[in-house]
file work-v7.txt (compact mmCIF, C-alpha atoms)
# COMPACT_ATOMS: atom_id res chain seq x y z
CA MET H 363 -1.49 -16.17 -12.29
CA ASN H 364 -0.17 -16.81 -8.80
CA ASN H 365 -1.96 -14.45 -6.43
CA ASN H 366 -0.25 -15.79 -3.31
CA ARG H 367 3.26 -14.48 -3.82
CA SER H 368 4.90 -12.51 -1.05
CA LEU H 369 8.23 -10.88 -0.33
CA ALA H 370 9.13 -14.02 1.56
CA GLY H 371 8.98 -16.01 -1.67
CA SER H 372 11.18 -19.02 -2.25
CA TYR H 373 13.26 -17.42 -4.98
CA VAL H 374 15.11 -14.14 -5.30
CA TRP H 375 15.78 -11.90 -8.28
CA LEU H 376 18.61 -9.39 -8.11
CA ALA H 377 17.21 -6.37 -9.90
CA LYS H 378 19.33 -3.56 -11.25
CA LEU H 379 17.33 -0.34 -11.17
CA THR H 380 18.35 2.68 -13.23
CA PHE H 381 16.85 5.92 -11.99
CA SER H 382 16.03 8.95 -14.11
CA LYS H 383 19.15 10.74 -12.85
CA GLY H 384 21.40 7.93 -14.01
CA VAL H 385 21.90 6.36 -10.59
CA ILE H 386 22.16 2.58 -10.73
CA MET H 387 21.45 0.48 -7.65
CA GLN H 388 20.75 -3.18 -7.01
CA PHE H 389 18.03 -4.63 -4.81
CA GLU H 390 17.00 -8.17 -4.01
CA LEU H 391 13.32 -8.53 -4.87
CA HIS H 392 12.02 -11.71 -3.30
CA GLY H 393 9.66 -13.37 -5.75
CA PHE H 394 9.54 -10.46 -8.22
CA LYS H 395 11.54 -9.64 -11.33
CA SER H 396 11.38 -5.87 -10.91
CA PHE H 397 10.21 -3.16 -8.54
CA ASP H 398 7.53 -2.31 -11.11
CA GLU H 399 6.18 -5.84 -10.78
CA LEU H 400 6.33 -5.70 -6.97
CA LEU H 401 4.34 -2.45 -6.91
CA ALA H 402 1.87 -3.71 -9.51
CA PHE H 403 1.16 -6.77 -7.37
CA HIS H 404 0.82 -5.01 -4.02
CA CYS H 405 -0.31 -1.48 -4.91
CA ALA H 406 -2.30 -1.59 -8.17
CA PRO H 407 -5.54 -0.13 -6.72
CA ALA H 408 -3.78 2.94 -5.30
CA LEU H 409 -1.65 3.39 -8.42
CA THR H 410 -4.76 3.49 -10.60
CA GLY H 411 -6.88 5.61 -8.26
CA ILE H 412 -9.57 3.15 -7.19
CA LYS H 413 -8.26 2.94 -3.60
CA PRO H 414 -6.76 5.70 -1.44
CA ALA H 415 -3.65 3.76 -0.42
CA ASN H 416 -1.77 0.49 -0.43
CA LEU H 417 1.06 -0.69 1.79
CA VAL H 418 4.03 -2.83 0.83
CA SER H 419 6.59 -4.29 3.23
CA CYS H 420 10.16 -4.81 2.02
CA PRO H 421 12.99 -6.49 3.95
CA THR H 422 15.34 -3.65 4.84
CA ALA H 423 18.37 -5.85 4.19
CA SER H 424 17.19 -6.29 0.60
CA MET H 425 16.58 -2.57 0.05
CA PRO H 426 18.99 -0.66 2.30
CA VAL H 427 18.66 2.63 0.39
CA VAL H 428 15.10 3.35 -0.65
CA ALA H 429 14.89 7.17 -0.81
CA PRO H 430 16.34 7.58 -4.34
CA LEU H 431 14.04 4.85 -5.60
CA LEU H 432 10.91 6.47 -4.17
CA ALA H 433 11.98 9.90 -5.43
CA ASP H 434 12.25 8.46 -8.92
CA TYR H 435 8.81 6.84 -8.73
CA THR H 436 7.31 10.06 -7.38
CA GLU H 437 8.67 11.83 -10.46
CA GLN H 438 7.34 9.13 -12.79
CA PHE H 439 3.85 9.36 -11.28
CA ALA H 440 3.81 13.16 -10.93
CA ASP H 441 1.01 13.53 -13.49
CA LYS H 442 -1.23 11.23 -11.43
CA GLY H 443 -0.26 12.95 -8.16
CA ILE H 444 0.62 9.68 -6.44
CA ALA H 445 2.85 9.82 -3.36
CA PHE H 446 5.40 7.22 -2.27
CA GLU H 447 6.37 7.51 1.38
CA VAL H 448 8.33 5.46 3.88
CA LEU H 449 5.89 4.92 6.72
CA CYS H 450 8.27 3.01 8.95
CA HIS H 451 11.91 1.98 8.64
CA CYS H 452 13.70 -0.39 10.99
CA ALA H 453 16.38 -3.07 10.82
CA ALA H 454 13.88 -5.74 9.81
CA ARG H 455 11.51 -4.04 7.41
CA THR H 456 10.72 -0.91 5.45
CA LEU H 457 7.04 -0.09 5.03
CA ILE H 458 6.22 1.93 1.93
CA LEU H 459 2.85 3.61 1.60
CA VAL H 460 1.66 4.33 -1.94
CA TYR H 461 -1.26 6.73 -1.81
CA GLN H 462 -3.48 9.31 -3.49
CA PRO H 463 -3.01 12.42 -1.27
CA GLN H 464 -6.31 14.14 -2.06
CA GLN H 465 -8.34 10.96 -1.92
CA LEU H 466 -6.77 10.00 1.41
CA GLU H 467 -7.28 13.50 2.83
CA ASP H 468 -10.97 13.44 1.87
CA LEU H 469 -11.33 10.07 3.58
CA LEU H 470 -9.58 11.09 6.80
CA GLN H 471 -11.64 14.28 7.05
CA LYS H 472 -14.93 12.39 7.22
CA GLN H 473 -16.47 13.08 10.59
CA ALA H 474 -16.87 9.48 11.73
CA ILE H 475 -13.30 8.61 10.81
CA SER H 476 -11.82 11.81 12.22
CA CYS H 477 -13.62 11.27 15.54
CA TYR H 478 -12.54 7.63 15.67
CA LEU H 479 -8.88 8.51 15.13
CA GLN H 480 -9.09 11.18 17.83
CA GLU H 481 -10.50 8.57 20.22
CA LEU H 482 -7.38 6.53 19.51
CA GLY H 483 -5.13 9.44 20.42
CA TYR H 484 -4.47 10.98 17.02
CA LYS H 485 -4.26 14.75 16.84
CA SER H 486 -6.16 16.29 13.94
CA GLY H 487 -3.99 17.64 11.17
CA SER H 488 -2.91 17.22 7.58
CA VAL H 489 -2.47 13.89 5.82
CA HIS H 490 1.28 14.10 6.42
CA SER H 491 0.75 14.77 10.12
CA LEU H 492 -1.59 11.81 10.51
CA LEU H 493 0.79 9.55 8.59
CA ARG H 494 3.65 10.59 10.86
CA GLN H 495 1.52 9.70 13.88
CA LEU H 496 0.63 6.35 12.32
CA GLY H 497 4.28 5.66 11.52
CA ALA H 498 5.27 6.46 15.10
CA LYS H 499 2.67 4.01 16.45
CA ILE H 500 3.91 1.29 14.11
CA SER H 501 7.51 1.91 15.18
CA CYS H 502 6.56 1.50 18.83
CA SER H 503 4.65 -1.75 18.36
CA GLN H 504 5.42 -5.27 17.18
CA ASP H 505 1.98 -5.47 15.56
CA PHE H 506 0.16 -3.19 13.14
CA PRO H 507 -2.31 -0.87 14.89
CA HIS H 508 -5.80 -1.84 13.74
CA GLU H 509 -6.56 1.67 12.54
CA ILE H 510 -4.05 1.28 9.73
CA GLY H 511 -7.02 -0.15 7.83
CA ILE H 512 -8.61 3.30 7.83
CA PHE H 513 -5.65 4.73 5.93
CA LEU H 514 -5.87 1.84 3.46
CA GLY H 515 -9.53 2.53 2.73
CA TYR H 516 -11.09 -0.32 4.69
CA PRO H 517 -14.67 0.41 5.86
CA LEU H 518 -14.79 1.69 9.43
CA ALA H 519 -17.54 -0.80 10.32
CA ASP H 520 -15.30 -3.69 9.29
CA ILE H 521 -12.38 -2.36 11.32
CA GLN H 522 -14.59 -1.98 14.38
CA GLY H 523 -16.06 -5.43 13.77
CA PHE H 524 -12.59 -6.94 13.57
CA ILE H 525 -11.60 -5.38 16.89
CA LYS H 526 -14.86 -6.36 18.61
CA ASN H 527 -14.63 -9.96 17.40
CA LYS H 528 -10.84 -10.20 17.81
CA GLY H 529 -10.51 -11.14 14.16
CA LYS H 530 -13.03 -13.99 14.35
CA ASN H 531 -16.59 -14.52 13.06
CA CYS H 532 -16.21 -12.48 9.87
CA LYS H 533 -18.81 -12.86 7.11
CA CYS H 534 -16.13 -13.18 4.44
CA SER H 535 -12.52 -12.17 3.88
CA GLY H 536 -10.38 -10.88 1.04
CA TYR H 537 -8.24 -7.77 1.23
CA TRP H 538 -9.66 -7.43 4.75
CA LYS H 539 -12.12 -9.30 6.98
CA VAL H 540 -15.69 -8.21 6.34
CA TYR H 541 -18.22 -7.76 9.15
CA ASP H 542 -20.70 -5.37 7.53
CA ASP H 543 -21.59 -5.04 3.82
CA VAL H 544 -20.48 -8.28 2.17
CA GLU H 545 -21.72 -7.54 -1.35
CA HIS H 546 -20.02 -4.15 -1.44
CA ALA H 547 -16.78 -5.67 -0.20
CA LYS H 548 -16.90 -8.45 -2.80
CA ARG H 549 -17.35 -5.89 -5.58
CA LEU H 550 -14.31 -4.00 -4.32
CA PHE H 551 -12.22 -7.17 -4.01
CA ASP H 552 -13.11 -8.11 -7.59
CA ALA H 553 -12.21 -4.63 -8.87
CA TYR H 554 -8.88 -4.71 -7.01
CA ASN H 555 -8.02 -8.16 -8.40
CA LYS H 556 -8.83 -7.17 -11.97
CA CYS H 557 -6.81 -3.99 -11.59
CA ARG H 558 -3.81 -5.91 -10.23
CA ASP H 559 -3.95 -8.56 -12.95
CA ARG H 560 -4.18 -5.94 -15.69
CA LEU H 561 -1.16 -4.04 -14.38
CA LEU H 562 0.87 -7.22 -13.92
CA LYS H 563 0.09 -8.27 -17.49
CA ALA H 564 1.20 -4.90 -18.84
CA VAL H 565 4.44 -4.93 -16.83
CA ALA H 566 5.16 -8.50 -17.97
CA GLU H 567 4.80 -7.27 -21.56
CA GLY H 568 7.43 -4.59 -20.93
CA VAL H 569 5.20 -1.56 -20.36
CA PRO H 570 6.63 0.79 -17.68
CA LEU H 571 4.42 0.82 -14.62
CA HIS H 572 3.60 4.53 -14.74
CA LEU H 573 2.43 4.22 -18.35
CA ALA H 574 0.38 1.12 -17.57
CA ALA H 575 -1.30 2.88 -14.64
CA ALA H 576 -2.00 5.95 -16.78
CA SER H 577 -4.17 3.83 -19.09
CA PHE H 578 -6.83 3.40 -16.38
call {"tool": "encode", "arguments": {"input": "work-v7.txt", "output": "structure tokens"}}
result
Amino acid sequence: MNNNRSLAGSYVWLAKLTFSKGVIMQFELHGFKSFDELLAFHCAPALTGIKPANLVSCPTASMPVVAPLLADYTEQFADKGIAFEVLCHCAARTLILVYQPQQLEDLLQKQAISCYLQELGYKSGSVHSLLRQLGAKISCSQDFPHEIGIFLGYPLADIQGFIKNKGKNCKCSGYWKVYDDVEHAKRLFDAYNKCRDRLLKAVAEGVPLHLAAASF
């Protein structure tokens, strides 16, 4: 299985998506046969509950109208309580955050993380408030703010290590660069990979993504 695909893939599928309310729209999915497959590849850990959030970037030109799509997926995943939210939308890209609201709230309320975010200028508040502040920072910058890793469940020590070392001298790398607990990170990376591969296999066999995720 090719684990190096991206939305900038060399081939394009034109997917016709039928929503639960009968609305039919078409999107270009670069390197993926369906939006289910795209989400399974990029967001499997969040969809199955073993990670608080995942982020996927879509070319805005390929997906000019995303709200009805996310509303439909929110309905499909209502039983699992998963949220689909546009974090940032501009002419070039649309960033979609797939997350577990309660799990993310518990994470952001931890004292060390809450204090760190406040040091970076975030005002304490609900998950939605903090996500709006994060989205605003992304919109005002050409680069991702380093603290986005907090929202994605990366260990705070690794985020701080990345900043201190300017992205160099990591002990290992996978879903993020590791500067602290290598063995713990490797166990997580392995769990995320297995989760992704299992969801991709199910989707390839024709199982709807929300049903495949519900089996975890």
call {"tool": "residues_near_point", "arguments": {"input": "work-v7.txt", "point": "(-15.1, -10.6, 5.7)", "cutoff": "12 Å", "atoms": "all atoms listed in the file", "output": "VMD selection string"}}
result
chain H and resid 516 to 517 519 to 521 523 to 524 527 529 to 548 551
call {"tool": "write_last_selection", "arguments": {"input": "work-v7.txt", "atoms": "C-alpha atoms", "output": "mmCIF file, keeping the file's coordinate frame"}}
result
data_model
loop_
_atom_site.group_PDB
_atom_site.id
_atom_site.type_symbol
_atom_site.label_atom_id
_atom_site.label_comp_id
_atom_site.auth_asym_id
_atom_site.auth_seq_id
_atom_site.Cartn_x
_atom_site.Cartn_y
_atom_site.Cartn_z
ATOM 1 C CA TYR H 516 -11.090 -0.320 4.690
ATOM 2 C CA PRO H 517 -14.670 0.410 5.860
ATOM 3 C CA ALA H 519 -17.540 -0.800 10.320
ATOM 4 C CA ASP H 520 -15.300 -3.690 9.290
ATOM 5 C CA ILE H 521 -12.380 -2.360 11.320
ATOM 6 C CA GLY H 523 -16.060 -5.430 13.770
ATOM 7 C CA PHE H 524 -12.590 -6.940 13.570
ATOM 8 C CA ASN H 527 -14.630 -9.960 17.400
ATOM 9 C CA GLY H 529 -10.510 -11.140 14.160
ATOM 10 C CA LYS H 530 -13.030 -13.990 14.350
ATOM 11 C CA ASN H 531 -16.590 -14.520 13.060
ATOM 12 C CA CYS H 532 -16.210 -12.480 9.870
ATOM 13 C CA LYS H 533 -18.810 -12.860 7.110
ATOM 14 C CA CYS H 534 -16.130 -13.180 4.440
ATOM 15 C CA SER H 535 -12.520 -12.170 3.880
ATOM 16 C CA GLY H 536 -10.380 -10.880 1.040
ATOM 17 C CA TYR H 537 -8.240 -7.770 1.230
ATOM 18 C CA TRP H 538 -9.660 -7.430 4.750
ATOM 19 C CA LYS H 539 -12.120 -9.300 6.980
ATOM 20 C CA VAL H 540 -15.690 -8.210 6.340
ATOM 21 C CA TYR H 541 -18.220 -7.760 9.150
ATOM 22 C CA ASP H 542 -20.700 -5.370 7.530
ATOM 23 C CA ASP H 543 -21.590 -5.040 3.820
ATOM 24 C CA VAL H 544 -20.480 -8.280 2.170
ATOM 25 C CA GLU H 545 -21.720 -7.540 -1.350
ATOM 26 C CA HIS H 546 -20.020 -4.150 -1.440
ATOM 27 C CA ALA H 547 -16.780 -5.670 -0.200
ATOM 28 C CA LYS H 548 -16.900 -8.450 -2.800
ATOM 29 C CA PHE H 551 -12.220 -7.170 -4.010
#
call {"tool": "residues_around", "arguments": {"input": "work-v7.txt", "residues": "segment 416-431 of chain H", "least_positions_apart": "2", "cutoff": "6 Å", "atoms": "all atoms listed in the file", "output": "list in words"}}
result
Phe389, Glu390, Cys405, Ala408, Ala433, Asp434, Ala454, Arg455, Thr456, Leu457, Ile458, Leu459, Val460 and Leu514 of chain H
call {"tool": "atom_distance", "arguments": {"input": "work-v7.txt", "atom1": "atom CA of Arg558 of chain H", "atom2": "atom CA of Ala402 of chain H"}}
result
6.1 Å
call {"tool": "atom_distance", "arguments": {"input": "work-v7.txt", "atom1": "atom CA of Tyr478 of chain H", "atom2": "atom CA of Cys502 of chain H"}}
result
20.3 Å
call {"tool": "atom_distance", "arguments": {"input": "work-v7.txt", "atom1": "atom CA of Gln473 of chain H", "atom2": "atom CA of Lys442 of chain H"}}
result
26.8 Å
call {"tool": "closest_residue", "arguments": {"input": "work-v7.txt", "among": "H:Leu400, H:Ala406, H:Ile525, H:Ile500", "to": "Arg560 of chain H", "atoms": "all atoms listed in the file"}}
result
H:Ala406
call {"tool": "closest_residue", "arguments": {"input": "work-v7.txt", "among": "H:Leu479, H:Val569, H:Leu562, H:Ala576", "to": "Glu399 of chain H", "atoms": "all atoms listed in the file"}}
result
H:Leu562
call {"tool": "build_atoms", "arguments": {"input": "work-v7.txt", "residues": "segment 480-510 of chain H", "atoms": "N, CA and C atoms", "output": "PDB file, in the frame of the given file"}}
result
ATOM      1  N   GLN H 480      -9.331  10.370  16.638  1.00  0.00           N
ATOM      2  CA  GLN H 480      -9.090  11.180  17.830  1.00  0.00           C
ATOM      3  C   GLN H 480      -9.302  10.363  19.102  1.00  0.00           C
ATOM      4  N   GLU H 481     -10.281   9.457  19.073  1.00  0.00           N
ATOM      5  CA  GLU H 481     -10.500   8.570  20.220  1.00  0.00           C
ATOM      6  C   GLU H 481      -9.293   7.672  20.472  1.00  0.00           C
ATOM      7  N   LEU H 482      -8.558   7.385  19.403  1.00  0.00           N
ATOM      8  CA  LEU H 482      -7.380   6.530  19.510  1.00  0.00           C
ATOM      9  C   LEU H 482      -6.114   7.319  19.836  1.00  0.00           C
ATOM     10  N   GLY H 483      -6.264   8.625  20.025  1.00  0.00           N
ATOM     11  CA  GLY H 483      -5.130   9.440  20.420  1.00  0.00           C
ATOM     12  C   GLY H 483      -4.477  10.245  19.324  1.00  0.00           C
ATOM     13  N   TYR H 484      -5.036  10.199  18.111  1.00  0.00           N
ATOM     14  CA  TYR H 484      -4.470  10.980  17.020  1.00  0.00           C
ATOM     15  C   TYR H 484      -4.888  12.445  17.160  1.00  0.00           C
ATOM     16  N   LYS H 485      -3.958  13.332  16.866  1.00  0.00           N
ATOM     17  CA  LYS H 485      -4.260  14.750  16.840  1.00  0.00           C
ATOM     18  C   LYS H 485      -4.644  15.138  15.418  1.00  0.00           C
ATOM     19  N   SER H 486      -5.709  15.902  15.272  1.00  0.00           N
ATOM     20  CA  SER H 486      -6.160  16.290  13.940  1.00  0.00           C
ATOM     21  C   SER H 486      -5.081  17.099  13.241  1.00  0.00           C
ATOM     22  N   GLY H 487      -5.011  16.936  11.935  1.00  0.00           N
ATOM     23  CA  GLY H 487      -3.990  17.640  11.170  1.00  0.00           C
ATOM     24  C   GLY H 487      -4.040  17.226   9.717  1.00  0.00           C
ATOM     25  N   SER H 488      -2.992  17.545   8.995  1.00  0.00           N
ATOM     26  CA  SER H 488      -2.910  17.220   7.580  1.00  0.00           C
ATOM     27  C   SER H 488      -2.676  15.724   7.389  1.00  0.00           C
ATOM     28  N   VAL H 489      -2.755  15.291   6.141  1.00  0.00           N
ATOM     29  CA  VAL H 489      -2.470  13.890   5.820  1.00  0.00           C
ATOM     30  C   VAL H 489      -1.069  13.522   6.300  1.00  0.00           C
ATOM     31  N   HIS H 490      -0.104  14.393   6.034  1.00  0.00           N
ATOM     32  CA  HIS H 490       1.280  14.100   6.420  1.00  0.00           C
ATOM     33  C   HIS H 490       1.417  13.984   7.935  1.00  0.00           C
ATOM     34  N   SER H 491       0.706  14.838   8.664  1.00  0.00           N
ATOM     35  CA  SER H 491       0.750  14.770  10.120  1.00  0.00           C
ATOM     36  C   SER H 491       0.172  13.460  10.632  1.00  0.00           C
ATOM     37  N   LEU H 492      -0.951  13.057  10.081  1.00  0.00           N
ATOM     38  CA  LEU H 492      -1.590  11.810  10.510  1.00  0.00           C
ATOM     39  C   LEU H 492      -0.740  10.600  10.136  1.00  0.00           C
ATOM     40  N   LEU H 493      -0.089  10.656   8.985  1.00  0.00           N
ATOM     41  CA  LEU H 493       0.790   9.550   8.590  1.00  0.00           C
ATOM     42  C   LEU H 493       2.005   9.463   9.495  1.00  0.00           C
ATOM     43  N   ARG H 494       2.528  10.605   9.917  1.00  0.00           N
ATOM     44  CA  ARG H 494       3.650  10.590  10.860  1.00  0.00           C
ATOM     45  C   ARG H 494       3.230   9.959  12.185  1.00  0.00           C
ATOM     46  N   GLN H 495       2.014  10.281  12.628  1.00  0.00           N
ATOM     47  CA  GLN H 495       1.520   9.700  13.880  1.00  0.00           C
ATOM     48  C   GLN H 495       1.318   8.190  13.732  1.00  0.00           C
ATOM     49  N   LEU H 496       0.805   7.773  12.579  1.00  0.00           N
ATOM     50  CA  LEU H 496       0.630   6.350  12.320  1.00  0.00           C
ATOM     51  C   LEU H 496       1.983   5.643  12.294  1.00  0.00           C
ATOM     52  N   GLY H 497       2.943   6.242  11.599  1.00  0.00           N
ATOM     53  CA  GLY H 497       4.280   5.660  11.520  1.00  0.00           C
ATOM     54  C   GLY H 497       4.918   5.516  12.889  1.00  0.00           C
ATOM     55  N   ALA H 498       4.709   6.512  13.749  1.00  0.00           N
ATOM     56  CA  ALA H 498       5.270   6.460  15.100  1.00  0.00           C
ATOM     57  C   ALA H 498       4.646   5.320  15.900  1.00  0.00           C
ATOM     58  N   LYS H 499       3.333   5.101  15.727  1.00  0.00           N
ATOM     59  CA  LYS H 499       2.670   4.010  16.450  1.00  0.00           C
ATOM     60  C   LYS H 499       3.165   2.658  15.956  1.00  0.00           C
ATOM     61  N   ILE H 500       3.397   2.544  14.653  1.00  0.00           N
ATOM     62  CA  ILE H 500       3.910   1.290  14.110  1.00  0.00           C
ATOM     63  C   ILE H 500       5.311   1.014  14.645  1.00  0.00           C
ATOM     64  N   SER H 501       6.128   2.057  14.713  1.00  0.00           N
ATOM     65  CA  SER H 501       7.510   1.910  15.180  1.00  0.00           C
ATOM     66  C   SER H 501       7.578   1.461  16.629  1.00  0.00           C
ATOM     67  N   CYS H 502       6.557   1.807  17.402  1.00  0.00           N
ATOM     68  CA  CYS H 502       6.560   1.500  18.830  1.00  0.00           C
ATOM     69  C   CYS H 502       5.847   0.186  19.151  1.00  0.00           C
ATOM     70  N   SER H 503       5.417  -0.533  18.125  1.00  0.00           N
ATOM     71  CA  SER H 503       4.650  -1.750  18.360  1.00  0.00           C
ATOM     72  C   SER H 503       5.152  -2.881  17.479  1.00  0.00           C
ATOM     73  N   GLN H 504       5.042  -4.098  17.972  1.00  0.00           N
ATOM     74  CA  GLN H 504       5.420  -5.270  17.180  1.00  0.00           C
ATOM     75  C   GLN H 504       4.321  -5.630  16.181  1.00  0.00           C
ATOM     76  N   ASP H 505       3.111  -5.170  16.429  1.00  0.00           N
ATOM     77  CA  ASP H 505       1.980  -5.470  15.560  1.00  0.00           C
ATOM     78  C   ASP H 505       1.475  -4.183  14.903  1.00  0.00           C
ATOM     79  N   PHE H 506       0.771  -4.349  13.786  1.00  0.00           N
ATOM     80  CA  PHE H 506       0.160  -3.190  13.140  1.00  0.00           C
ATOM     81  C   PHE H 506      -1.008  -2.698  13.989  1.00  0.00           C
ATOM     82  N   PRO H 507      -1.106  -1.388  14.222  1.00  0.00           N
ATOM     83  CA  PRO H 507      -2.310  -0.870  14.890  1.00  0.00           C
ATOM     84  C   PRO H 507      -3.515  -1.099  13.979  1.00  0.00           C
ATOM     85  N   HIS H 508      -4.629  -1.494  14.553  1.00  0.00           N
ATOM     86  CA  HIS H 508      -5.800  -1.840  13.740  1.00  0.00           C
ATOM     87  C   HIS H 508      -6.261  -0.693  12.858  1.00  0.00           C
ATOM     88  N   GLU H 509      -6.061   0.535  13.316  1.00  0.00           N
ATOM     89  CA  GLU H 509      -6.560   1.670  12.540  1.00  0.00           C
ATOM     90  C   GLU H 509      -5.807   1.902  11.244  1.00  0.00           C
ATOM     91  N   ILE H 510      -4.749   1.137  11.002  1.00  0.00           N
ATOM     92  CA  ILE H 510      -4.050   1.280   9.730  1.00  0.00           C
ATOM     93  C   ILE H 510      -5.011   0.983   8.571  1.00  0.00           C
TER      94      ILE H 510
END
